[in-house]
Amino acid sequence: MITIDEIKKCYDVFPVTIGFRKYFSMNPEHRDFLETIGENSGDCYIVGDFIAGNWRRKRCAALDSRNLCKLHKQGRKPLQCRIVPFCAVYPEDKQDVIFVEQKQGKFKKCKGYKTAEEKKYTVWENGRFTDSTHRDAFCEYQKGLQRQKRVTQGILEELKGQPSYQEFLRGEGIIETYIPLSLLFDVLEAGGFSFDEYHLFINAQGRLCSKELASQKTENPVLADYLKALNQIAESYTKFVKDQRQAVK
Ligand code: SF4
């Protein structure tokens with residue numbers, strides 16, 4: 001998971017899609033926060049995050065041959081990776097609940113968890129992050145979620161007409177899509193790209209989608225559709241730039 005402010009940092013490493021999940025509020029303050037980042041839907045909130053990479057894979061594309069994160073050294077490791085297994089969608093003072101849940105679930109085999117006796121390197125205590133690196137990344141992620149609400153809301157509106165959206169509402173889990181072409185430039189502008197840089201994003205994403213699809217044994221309809229959309233926009237963009245140049249001549 002990355003925020004809109006991180007797309008520019010890692011668009012050349014991961015294909016970027018968007019996923020929506022349902023979250024239930026833990027208390028009134030949390031509900032107020034969820035209001036600022038998502039859409040109310042009955043007893044829950046639907047919140048969107050940008051997804052860096054193909055989450056169906058077990059291995060992240062940024063891992064090198066020694067199992068070290070290539071982005072870490074380059075200072076562009078995603079915020080979520082800096083705070084995991086904490087989660088910025090939940091309140092800072094409830095992170096112990098998330099932490100325990102993660103330990104029993106996805107992070108069952110993680111050796112990074114310490115026992116209650118191991119006090120050194122504690123990063124969260126009594127409802128607060130005691131480590132500034134974690135606190136800063138946590139706050140930055142929350143700000144990003146708030147800043148991206150306008151575009152995630154627009155993407156969610158486009159999803160609502162699809163049958164898969166009704167399935168998502170009835171069930172659990174995630175609904176994933178690619179950034180629709182009608183909102184792509186809006187997302188890029190909000191993500192800090194200048195118009196002259198749009199083609200860099202389109203080319204890199206097209207290359208990464210093709211590579212991902214070619215190397216996969218199972219189908220990935222979201223990336224396949226994303227690639228088609230990118231090819232379509234690349235054509236229109238090239239034509240637009242060509243027309244502009246001719247107009248200048
Ligand atoms: S920390 Fe791990 S999951 Fe995150 S970008 Fe690096 S290799 Fe990928």
# chains A, B, ... in the order shown; residues from 1 in each chain; ligands from 1

call {"tool": "residues_around", "arguments": {"residues": "Ala234 of chain A", "least_positions_apart": "5", "cutoff": "8 Å", "atoms": "only C-alpha atoms", "output": "number ranges by chain"}}
result
A: 199, 202-203

call {"tool": "closest_atom_pairs", "arguments": {"of": "segment 23-125 of chain A", "to": "segment 162-169 of chain A", "cutoff": "12 Å", "atoms": "only C-alpha atoms", "output": "Markdown table"}}
result
| residue | atom | partner | partner_atom | distance |
| --- | --- | --- | --- | --- |
| A:Tyr23 | CA | A:Leu169 | CA | 11.8 |
| A:Asn40 | CA | A:Leu169 | CA | 11.8 |
| A:Ser41 | CA | A:Leu169 | CA | 8.6 |
| A:Gly42 | CA | A:Leu169 | CA | 10.0 |
| A:Asp43 | CA | A:Leu169 | CA | 11.3 |
| A:Cys44 | CA | A:Leu169 | CA | 10.1 |
| A:Tyr45 | CA | A:Leu169 | CA | 10.7 |
| A:Ile46 | CA | A:Leu169 | CA | 9.3 |

call {"tool": "write_last_selection", "arguments": {"atoms": "C-alpha atoms", "output": "short mmCIF file (atom, residue, chain, number, x, y, z; two decimals), in the first residue's frame"}}
result
data_model
loop_
_atom_site.label_atom_id
_atom_site.label_comp_id
_atom_site.auth_asym_id
_atom_site.auth_seq_id
_atom_site.Cartn_x
_atom_site.Cartn_y
_atom_site.Cartn_z
CA TYR A 23 -13.00 -0.65 7.63
CA ASN A 40 -19.51 5.67 4.61
CA SER A 41 -21.35 2.54 3.52
CA GLY A 42 -23.79 1.31 6.18
CA ASP A 43 -21.82 0.15 9.19
CA CYS A 44 -18.39 0.53 7.59
CA TYR A 45 -16.19 2.88 5.54
CA ILE A 46 -14.71 2.12 2.14
#

call {"tool": "closest_residue", "arguments": {"among": "A:Gln74, A:Leu156, A:Gln244, A:Leu227", "to": "Ala214 of chain A", "atoms": "only C-alpha atoms"}}
result
A:Leu227

call {"tool": "select_by_dssp", "arguments": {"residues": "segment 90-238 of chain A", "states": "helix (DSSP H, G or I)", "output": "PDB file with C-alpha atoms, in the first residue's frame"}}
result
ATOM      1  CA  GLU A  92      -2.344   5.376  17.068  1.00  0.00           C
ATOM      2  CA  ASP A  93      -3.631   4.333  20.496  1.00  0.00           C
ATOM      3  CA  LYS A  94      -5.184   1.126  19.103  1.00  0.00           C
ATOM      4  CA  GLN A  95      -2.102  -0.147  17.318  1.00  0.00           C
ATOM      5  CA  ASP A  96      -1.586  -2.857  19.934  1.00  0.00           C
ATOM      6  CA  VAL A  97      -4.815  -4.503  18.735  1.00  0.00           C
ATOM      7  CA  ILE A  98      -3.656  -4.386  15.111  1.00  0.00           C
ATOM      8  CA  PHE A  99      -0.211  -5.619  16.097  1.00  0.00           C
ATOM      9  CA  VAL A 100      -1.609  -8.703  17.849  1.00  0.00           C
ATOM     10  CA  GLU A 101      -4.045  -9.409  14.997  1.00  0.00           C
ATOM     11  CA  GLN A 102      -1.238  -9.247  12.455  1.00  0.00           C
ATOM     12  CA  LYS A 103       0.870 -11.594  14.548  1.00  0.00           C
ATOM     13  CA  GLN A 104      -1.896 -14.170  14.540  1.00  0.00           C
ATOM     14  CA  SER A 132      10.172   8.983  15.805  1.00  0.00           C
ATOM     15  CA  THR A 133      10.810   7.149  12.501  1.00  0.00           C
ATOM     16  CA  HIS A 134       7.674   5.074  13.004  1.00  0.00           C
ATOM     17  CA  ARG A 135       5.631   8.023  14.245  1.00  0.00           C
ATOM     18  CA  ASP A 136       6.645  10.219  11.289  1.00  0.00           C
ATOM     19  CA  ALA A 137       5.859   7.515   8.731  1.00  0.00           C
ATOM     20  CA  PHE A 138       2.536   6.768  10.444  1.00  0.00           C
ATOM     21  CA  CYS A 139       1.487  10.459  10.416  1.00  0.00           C
ATOM     22  CA  GLU A 140       2.689  10.948   6.846  1.00  0.00           C
ATOM     23  CA  TYR A 141       0.638   7.944   5.698  1.00  0.00           C
ATOM     24  CA  GLN A 142      -2.472   9.306   7.433  1.00  0.00           C
ATOM     25  CA  LYS A 143      -1.987  12.711   5.755  1.00  0.00           C
ATOM     26  CA  GLY A 144      -1.568  10.981   2.377  1.00  0.00           C
ATOM     27  CA  LEU A 145      -4.815   9.053   2.897  1.00  0.00           C
ATOM     28  CA  GLN A 146      -6.614  12.313   3.586  1.00  0.00           C
ATOM     29  CA  ARG A 147      -5.034  14.090   0.648  1.00  0.00           C
ATOM     30  CA  LYS A 149      -9.601  11.077  -0.764  1.00  0.00           C
ATOM     31  CA  ARG A 150     -10.762  13.311  -3.632  1.00  0.00           C
ATOM     32  CA  VAL A 151      -9.222  11.062  -6.310  1.00  0.00           C
ATOM     33  CA  THR A 152      -9.974   7.745  -4.605  1.00  0.00           C
ATOM     34  CA  GLN A 153     -13.580   8.915  -4.283  1.00  0.00           C
ATOM     35  CA  GLY A 154     -13.676   9.617  -8.027  1.00  0.00           C
ATOM     36  CA  ILE A 155     -12.294   6.144  -8.782  1.00  0.00           C
ATOM     37  CA  LEU A 156     -14.800   4.552  -6.402  1.00  0.00           C
ATOM     38  CA  GLU A 157     -17.676   6.302  -8.203  1.00  0.00           C
ATOM     39  CA  GLU A 158     -16.525   4.717 -11.476  1.00  0.00           C
ATOM     40  CA  LEU A 159     -16.402   1.279  -9.831  1.00  0.00           C
ATOM     41  CA  PRO A 163     -21.099  -6.074 -10.867  1.00  0.00           C
ATOM     42  CA  SER A 164     -17.875  -6.805  -8.960  1.00  0.00           C
ATOM     43  CA  TYR A 165     -18.597  -3.794  -6.760  1.00  0.00           C
ATOM     44  CA  GLN A 166     -21.859  -5.334  -5.514  1.00  0.00           C
ATOM     45  CA  GLU A 167     -19.984  -8.543  -4.755  1.00  0.00           C
ATOM     46  CA  PHE A 168     -17.391  -6.551  -2.844  1.00  0.00           C
ATOM     47  CA  LEU A 169     -20.123  -4.842  -0.800  1.00  0.00           C
ATOM     48  CA  ARG A 170     -21.626  -8.187   0.144  1.00  0.00           C
ATOM     49  CA  LEU A 181      -8.030   6.950 -17.911  1.00  0.00           C
ATOM     50  CA  SER A 182     -10.565   9.675 -17.144  1.00  0.00           C
ATOM     51  CA  LEU A 183      -8.781  10.295 -13.830  1.00  0.00           C
ATOM     52  CA  LEU A 184      -5.206   9.339 -14.656  1.00  0.00           C
ATOM     53  CA  PHE A 185      -3.891  12.848 -15.311  1.00  0.00           C
ATOM     54  CA  ASP A 186      -5.754  14.101 -12.262  1.00  0.00           C
ATOM     55  CA  VAL A 187      -3.985  11.467 -10.138  1.00  0.00           C
ATOM     56  CA  LEU A 188      -0.605  12.253 -11.710  1.00  0.00           C
ATOM     57  CA  GLU A 189      -0.995  15.974 -11.144  1.00  0.00           C
ATOM     58  CA  ALA A 190      -2.002  15.388  -7.513  1.00  0.00           C
ATOM     59  CA  PHE A 195       2.694  17.366 -17.766  1.00  0.00           C
ATOM     60  CA  ASP A 196       6.103  16.695 -19.355  1.00  0.00           C
ATOM     61  CA  GLU A 197       6.585  13.757 -17.008  1.00  0.00           C
ATOM     62  CA  TYR A 198       3.300  11.996 -17.775  1.00  0.00           C
ATOM     63  CA  HIS A 199       4.866   9.984 -20.589  1.00  0.00           C
ATOM     64  CA  LEU A 200       7.551   8.683 -18.202  1.00  0.00           C
ATOM     65  CA  PHE A 201       4.833   7.275 -15.988  1.00  0.00           C
ATOM     66  CA  ILE A 202       2.839   5.807 -18.893  1.00  0.00           C
ATOM     67  CA  ASN A 203       5.918   4.162 -20.459  1.00  0.00           C
ATOM     68  CA  ALA A 204       7.280   2.759 -17.201  1.00  0.00           C
ATOM     69  CA  GLN A 205       3.892   1.395 -16.128  1.00  0.00           C
ATOM     70  CA  GLY A 206       3.338  -0.202 -19.541  1.00  0.00           C
ATOM     71  CA  ARG A 207       6.756  -1.852 -19.370  1.00  0.00           C
ATOM     72  CA  LEU A 208       6.166  -3.153 -15.838  1.00  0.00           C
ATOM     73  CA  CYS A 209       2.673  -4.484 -16.640  1.00  0.00           C
ATOM     74  CA  SER A 210       3.980  -6.328 -19.722  1.00  0.00           C
ATOM     75  CA  LYS A 211       6.831  -7.830 -17.707  1.00  0.00           C
ATOM     76  CA  GLU A 212       4.504  -8.876 -14.902  1.00  0.00           C
ATOM     77  CA  LEU A 213       1.954 -10.440 -17.251  1.00  0.00           C
ATOM     78  CA  ALA A 214       4.643 -12.264 -19.209  1.00  0.00           C
ATOM     79  CA  SER A 215       6.184 -13.785 -16.095  1.00  0.00           C
ATOM     80  CA  PRO A 221      -7.201  -9.288 -15.375  1.00  0.00           C
ATOM     81  CA  VAL A 222      -6.566  -5.969 -13.600  1.00  0.00           C
ATOM     82  CA  LEU A 223      -3.036  -5.660 -14.986  1.00  0.00           C
ATOM     83  CA  ALA A 224      -4.155  -6.911 -18.413  1.00  0.00           C
ATOM     84  CA  ASP A 225      -6.864  -4.201 -18.554  1.00  0.00           C
ATOM     85  CA  TYR A 226      -4.435  -1.631 -17.188  1.00  0.00           C
ATOM     86  CA  LEU A 227      -1.977  -2.433 -19.968  1.00  0.00           C
ATOM     87  CA  LYS A 228      -4.672  -1.999 -22.626  1.00  0.00           C
ATOM     88  CA  ALA A 229      -5.665   1.356 -21.103  1.00  0.00           C
ATOM     89  CA  LEU A 230      -2.029   2.488 -20.961  1.00  0.00           C
ATOM     90  CA  ASN A 231      -1.503   1.603 -24.634  1.00  0.00           C
ATOM     91  CA  GLN A 232      -4.608   3.575 -25.500  1.00  0.00           C
ATOM     92  CA  ILE A 233      -3.512   6.652 -23.578  1.00  0.00           C
ATOM     93  CA  ALA A 234       0.056   6.417 -24.904  1.00  0.00           C
ATOM     94  CA  GLU A 235      -1.336   6.686 -28.425  1.00  0.00           C
ATOM     95  CA  SER A 236      -3.511   9.709 -27.625  1.00  0.00           C
ATOM     96  CA  TYR A 237      -0.670  11.352 -25.699  1.00  0.00           C
ATOM     97  CA  THR A 238       1.818  10.908 -28.572  1.00  0.00           C
TER      98      THR A 238
END

call {"tool": "closest_atom_pairs", "arguments": {"of": "chain A", "to": "ligand 1", "cutoff": "12 Å", "atoms": "only C-alpha atoms and all ligand atoms", "output": "JSON lines"}}
result
{"residue": "A:Met1", "atom": "CA", "partner": "ligand 1", "partner_atom_place_in_ligand_line": "4 (Fe)", "distance": 9.0}
{"residue": "A:Ile2", "atom": "CA", "partner": "ligand 1", "partner_atom_place_in_ligand_line": "5 (S)", "distance": 9.9}
{"residue": "A:Glu6", "atom": "CA", "partner": "ligand 1", "partner_atom_place_in_ligand_line": "5 (S)", "distance": 11.5}
{"residue": "A:Lys9", "atom": "CA", "partner": "ligand 1", "partner_atom_place_in_ligand_line": "5 (S)", "distance": 11.1}
{"residue": "A:Cys10", "atom": "CA", "partner": "ligand 1", "partner_atom_place_in_ligand_line": "5 (S)", "distance": 9.0}
{"residue": "A:Tyr11", "atom": "CA", "partner": "ligand 1", "partner_atom_place_in_ligand_line": "5 (S)", "distance": 11.8}
{"residue": "A:Val13", "atom": "CA", "partner": "ligand 1", "partner_atom_place_in_ligand_line": "5 (S)", "distance": 9.2}
{"residue": "A:Phe14", "atom": "CA", "partner": "ligand 1", "partner_atom_place_in_ligand_line": "5 (S)", "distance": 9.2}
{"residue": "A:Ile51", "atom": "CA", "partner": "ligand 1", "partner_atom_place_in_ligand_line": "5 (S)", "distance": 11.1}
{"residue": "A:Ala52", "atom": "CA", "partner": "ligand 1", "partner_atom_place_in_ligand_line": "5 (S)", "distance": 8.2}
{"residue": "A:Gly53", "atom": "CA", "partner": "ligand 1", "partner_atom_place_in_ligand_line": "8 (Fe)", "distance": 8.7}
{"residue": "A:Asn54", "atom": "CA", "partner": "ligand 1", "partner_atom_place_in_ligand_line": "8 (Fe)", "distance": 10.7}
{"residue": "A:Trp55", "atom": "CA", "partner": "ligand 1", "partner_atom_place_in_ligand_line": "3 (S)", "distance": 9.8}
{"residue": "A:Arg57", "atom": "CA", "partner": "ligand 1", "partner_atom_place_in_ligand_line": "3 (S)", "distance": 11.0}
{"residue": "A:Lys58", "atom": "CA", "partner": "ligand 1", "partner_atom_place_in_ligand_line": "3 (S)", "distance": 9.9}
{"residue": "A:Arg59", "atom": "CA", "partner": "ligand 1", "partner_atom_place_in_ligand_line": "8 (Fe)", "distance": 7.9}
{"residue": "A:Cys60", "atom": "CA", "partner": "ligand 1", "partner_atom_place_in_ligand_line": "8 (Fe)", "distance": 4.6}
{"residue": "A:Ala61", "atom": "CA", "partner": "ligand 1", "partner_atom_place_in_ligand_line": "8 (Fe)", "distance": 6.3}
{"residue": "A:Ala62", "atom": "CA", "partner": "ligand 1", "partner_atom_place_in_ligand_line": "7 (S)", "distance": 4.5}
{"residue": "A:Leu63", "atom": "CA", "partner": "ligand 1", "partner_atom_place_in_ligand_line": "7 (S)", "distance": 4.3}
{"residue": "A:Asp64", "atom": "CA", "partner": "ligand 1", "partner_atom_place_in_ligand_line": "7 (S)", "distance": 7.8}
{"residue": "A:Ser65", "atom": "CA", "partner": "ligand 1", "partner_atom_place_in_ligand_line": "7 (S)", "distance": 10.9}
{"residue": "A:Arg66", "atom": "CA", "partner": "ligand 1", "partner_atom_place_in_ligand_line": "7 (S)", "distance": 10.8}
{"residue": "A:Asn67", "atom": "CA", "partner": "ligand 1", "partner_atom_place_in_ligand_line": "7 (S)", "distance": 7.6}
{"residue": "A:Leu68", "atom": "CA", "partner": "ligand 1", "partner_atom_place_in_ligand_line": "7 (S)", "distance": 6.4}
{"residue": "A:Cys69", "atom": "CA", "partner": "ligand 1", "partner_atom_place_in_ligand_line": "7 (S)", "distance": 4.0}
{"residue": "A:Lys70", "atom": "CA", "partner": "ligand 1", "partner_atom_place_in_ligand_line": "6 (Fe)", "distance": 6.5}
{"residue": "A:Leu71", "atom": "CA", "partner": "ligand 1", "partner_atom_place_in_ligand_line": "6 (Fe)", "distance": 5.8}
{"residue": "A:His72", "atom": "CA", "partner": "ligand 1", "partner_atom_place_in_ligand_line": "6 (Fe)", "distance": 6.3}
{"residue": "A:Lys73", "atom": "CA", "partner": "ligand 1", "partner_atom_place_in_ligand_line": "6 (Fe)", "distance": 9.7}
{"residue": "A:Gln74", "atom": "CA", "partner": "ligand 1", "partner_atom_place_in_ligand_line": "6 (Fe)", "distance": 10.5}
{"residue": "A:Gly75", "atom": "CA", "partner": "ligand 1", "partner_atom_place_in_ligand_line": "6 (Fe)", "distance": 10.5}
{"residue": "A:Arg76", "atom": "CA", "partner": "ligand 1", "partner_atom_place_in_ligand_line": "5 (S)", "distance": 8.4}
{"residue": "A:Lys77", "atom": "CA", "partner": "ligand 1", "partner_atom_place_in_ligand_line": "5 (S)", "distance": 5.4}
{"residue": "A:Pro78", "atom": "CA", "partner": "ligand 1", "partner_atom_place_in_ligand_line": "5 (S)", "distance": 6.0}
{"residue": "A:Leu79", "atom": "CA", "partner": "ligand 1", "partner_atom_place_in_ligand_line": "4 (Fe)", "distance": 8.5}
{"residue": "A:Gln80", "atom": "CA", "partner": "ligand 1", "partner_atom_place_in_ligand_line": "4 (Fe)", "distance": 7.5}
{"residue": "A:Cys81", "atom": "CA", "partner": "ligand 1", "partner_atom_place_in_ligand_line": "4 (Fe)", "distance": 4.5}
{"residue": "A:Arg82", "atom": "CA", "partner": "ligand 1", "partner_atom_place_in_ligand_line": "1 (S)", "distance": 7.0}
{"residue": "A:Ile83", "atom": "CA", "partner": "ligand 1", "partner_atom_place_in_ligand_line": "1 (S)", "distance": 9.7}
{"residue": "A:Val84", "atom": "CA", "partner": "ligand 1", "partner_atom_place_in_ligand_line": "1 (S)", "distance": 9.0}
{"residue": "A:Pro85", "atom": "CA", "partner": "ligand 1", "partner_atom_place_in_ligand_line": "3 (S)", "distance": 11.3}

call {"tool": "write_last_selection", "arguments": {"atoms": "N, CA and C atoms", "output": "compact mmCIF listing (two decimals), in the first residue's frame"}}
result
# COMPACT_ATOMS: atom_id res chain seq x y z
N MET A 1 0.83 -1.19 0.00
CA MET A 1 0.00 0.00 0.00
C MET A 1 0.87 1.25 0.00
N ILE A 2 0.55 2.16 -0.90
CA ILE A 2 1.26 3.44 -0.91
C ILE A 2 0.22 4.56 -1.01
N GLU A 6 3.44 8.95 -2.83
CA GLU A 6 4.58 8.04 -3.02
C GLU A 6 4.63 7.45 -4.43
N LYS A 9 7.66 8.27 -6.36
CA LYS A 9 8.90 7.66 -5.86
C LYS A 9 9.11 6.25 -6.39
N CYS A 10 8.02 5.56 -6.72
CA CYS A 10 8.23 4.14 -7.07
C CYS A 10 7.47 3.66 -8.31
N TYR A 11 7.04 4.58 -9.16
CA TYR A 11 6.28 4.15 -10.35
C TYR A 11 7.16 3.38 -11.33
N VAL A 13 9.23 1.05 -10.44
CA VAL A 13 9.54 -0.27 -9.87
C VAL A 13 8.31 -1.17 -9.84
N PHE A 14 7.16 -0.58 -9.57
CA PHE A 14 5.92 -1.36 -9.43
C PHE A 14 4.83 -0.85 -10.35
N ILE A 51 -1.87 0.59 -4.75
CA ILE A 51 -1.16 -0.67 -4.51
C ILE A 51 0.11 -0.67 -5.37
N ALA A 52 1.24 -0.86 -4.72
CA ALA A 52 2.51 -0.89 -5.44
C ALA A 52 2.88 -2.34 -5.70
N GLY A 53 2.69 -2.76 -6.94
CA GLY A 53 3.11 -4.12 -7.29
C GLY A 53 1.97 -5.11 -7.29
N ASN A 54 2.29 -6.29 -7.74
CA ASN A 54 1.31 -7.35 -7.86
C ASN A 54 1.19 -8.08 -6.53
N TRP A 55 0.13 -7.79 -5.76
CA TRP A 55 0.02 -8.37 -4.41
C TRP A 55 -0.27 -9.86 -4.44
N ARG A 57 1.60 -11.91 -5.84
CA ARG A 57 2.91 -12.55 -5.75
C ARG A 57 3.36 -12.66 -4.30
N LYS A 58 4.18 -13.69 -4.03
CA LYS A 58 4.66 -13.83 -2.66
C LYS A 58 5.89 -12.96 -2.44
N ARG A 59 6.59 -12.68 -3.53
CA ARG A 59 7.86 -11.96 -3.41
C ARG A 59 7.74 -10.55 -4.00
N CYS A 60 8.14 -9.56 -3.21
CA CYS A 60 8.06 -8.17 -3.67
C CYS A 60 9.11 -7.93 -4.76
N ALA A 61 8.74 -7.15 -5.77
CA ALA A 61 9.64 -6.88 -6.89
C ALA A 61 10.86 -6.05 -6.46
N ALA A 62 10.80 -5.45 -5.27
CA ALA A 62 11.92 -4.62 -4.83
C ALA A 62 12.96 -5.41 -4.02
N LEU A 63 12.73 -6.70 -3.83
CA LEU A 63 13.72 -7.51 -3.09
C LEU A 63 14.87 -7.89 -4.01
N ASP A 64 16.09 -7.75 -3.50
CA ASP A 64 17.23 -8.15 -4.33
C ASP A 64 17.59 -9.61 -4.08
N SER A 65 18.69 -10.07 -4.70
CA SER A 65 19.03 -11.49 -4.59
C SER A 65 19.41 -11.90 -3.16
N ARG A 66 19.75 -10.89 -2.33
CA ARG A 66 20.09 -11.24 -0.93
C ARG A 66 18.88 -11.05 0.00
N ASN A 67 17.71 -10.88 -0.63
CA ASN A 67 16.47 -10.64 0.11
C ASN A 67 16.48 -9.32 0.87
N LEU A 68 17.17 -8.34 0.33
CA LEU A 68 17.17 -7.01 0.93
C LEU A 68 16.38 -6.06 0.03
N CYS A 69 15.78 -5.06 0.65
CA CYS A 69 14.95 -4.12 -0.12
C CYS A 69 15.83 -3.12 -0.86
N LYS A 70 15.68 -3.12 -2.20
CA LYS A 70 16.49 -2.21 -3.01
C LYS A 70 16.13 -0.75 -2.72
N LEU A 71 14.86 -0.53 -2.41
CA LEU A 71 14.39 0.84 -2.21
C LEU A 71 14.86 1.43 -0.88
N HIS A 72 15.16 0.55 0.07
CA HIS A 72 15.56 1.02 1.40
C HIS A 72 16.81 1.89 1.32
N LYS A 73 17.81 1.36 0.62
CA LYS A 73 19.08 2.09 0.51
C LYS A 73 18.92 3.39 -0.26
N GLN A 74 17.99 3.38 -1.20
CA GLN A 74 17.78 4.56 -2.04
C GLN A 74 16.89 5.59 -1.36
N GLY A 75 16.47 5.29 -0.13
CA GLY A 75 15.63 6.24 0.62
C GLY A 75 14.24 6.37 0.05
N ARG A 76 13.75 5.36 -0.65
CA ARG A 76 12.39 5.46 -1.19
C ARG A 76 11.52 4.25 -0.82
N LYS A 77 11.83 3.68 0.31
CA LYS A 77 10.99 2.57 0.79
C LYS A 77 9.62 3.13 1.18
N PRO A 78 8.53 2.48 0.73
CA PRO A 78 7.20 3.00 1.05
C PRO A 78 6.94 3.15 2.55
N LEU A 79 6.10 4.11 2.88
CA LEU A 79 5.78 4.39 4.29
C LEU A 79 5.20 3.16 4.98
N GLN A 80 4.29 2.46 4.28
CA GLN A 80 3.66 1.29 4.90
C GLN A 80 4.70 0.24 5.26
N CYS A 81 5.72 0.11 4.42
CA CYS A 81 6.79 -0.86 4.71
C CYS A 81 7.61 -0.42 5.92
N ARG A 82 7.61 0.89 6.19
CA ARG A 82 8.37 1.37 7.34
C ARG A 82 7.61 1.14 8.64
N ILE A 83 6.28 1.04 8.56
CA ILE A 83 5.52 0.89 9.81
C ILE A 83 4.94 -0.52 10.02
N VAL A 84 4.94 -1.32 8.95
CA VAL A 84 4.37 -2.65 9.08
C VAL A 84 5.01 -3.39 10.27
N PRO A 85 4.26 -4.12 11.09
CA PRO A 85 2.87 -4.55 10.94
C PRO A 85 1.84 -3.61 11.56

call {"tool": "residues_around", "arguments": {"residues": "Thr177 of chain A", "least_positions_apart": "6", "cutoff": "8 Å", "atoms": "only C-alpha atoms", "output": "PDB file with N, CA and C atoms, in the first residue's frame"}}
result
ATOM      1  N   THR A  17      -1.738   0.102  -8.985  1.00  0.00           N
ATOM      2  CA  THR A  17      -3.189  -0.036  -9.128  1.00  0.00           C
ATOM      3  C   THR A  17      -3.828   0.572  -7.873  1.00  0.00           C
ATOM      4  N   ILE A  18      -5.134   0.363  -7.731  1.00  0.00           N
ATOM      5  CA  ILE A  18      -5.768   0.892  -6.522  1.00  0.00           C
ATOM      6  C   ILE A  18      -6.714  -0.153  -5.938  1.00  0.00           C
ATOM      7  N   GLY A  19      -6.707  -0.258  -4.617  1.00  0.00           N
ATOM      8  CA  GLY A  19      -7.552  -1.245  -3.952  1.00  0.00           C
ATOM      9  C   GLY A  19      -8.445  -0.570  -2.924  1.00  0.00           C
ATOM     10  N   VAL A 222      -6.722  -7.413 -13.885  1.00  0.00           N
ATOM     11  CA  VAL A 222      -6.566  -5.969 -13.600  1.00  0.00           C
ATOM     12  C   VAL A 222      -5.358  -5.418 -14.355  1.00  0.00           C
TER      13      VAL A 222
END

call {"tool": "residues_around", "arguments": {"residues": "Met26 of chain A", "least_positions_apart": "2", "cutoff": "9 Å", "atoms": "only C-alpha atoms", "output": "VMD selection string"}}
result
chain A and resid 24 28 to 31 90 to 91 94

call {"tool": "write_last_selection", "arguments": {"atoms": "C-alpha atoms", "output": "tab-separated table (two decimals), in the first residue's frame"}}
result
chain	number	residue	atom	x	y	z
A	24	PHE	CA	-15.09	-0.58	10.78
A	28	PRO	CA	-15.97	7.92	17.69
A	29	GLU	CA	-12.55	9.52	16.99
A	30	HIS	CA	-11.70	6.74	14.59
A	31	ARG	CA	-15.06	7.18	12.86
A	90	TYR	CA	-6.37	2.69	12.61
A	91	PRO	CA	-5.80	5.08	15.56
A	94	LYS	CA	-5.18	1.13	19.10

call {"tool": "atom_distance", "arguments": {"atom1": "atom CA of Lys119 of chain A", "atom2": "atom CA of Asp131 of chain A"}}
result
12.9 Å

call {"tool": "select_by_dssp", "arguments": {"residues": "segment 19-57 of chain A", "states": "strand (DSSP E)", "output": "ChimeraX atom specification"}}
result
/A:19-23,38-41,44-52

call {"tool": "atom_distance", "arguments": {"atom1": "atom CA of Asp49 of chain A", "atom2": "atom CA of Gly161 of chain A"}}
result
19.7 Å

call {"tool": "atom_distance", "arguments": {"atom1": "atom CA of Val16 of chain A", "atom2": "atom CA of Ile4 of chain A"}}
result
10.2 Å
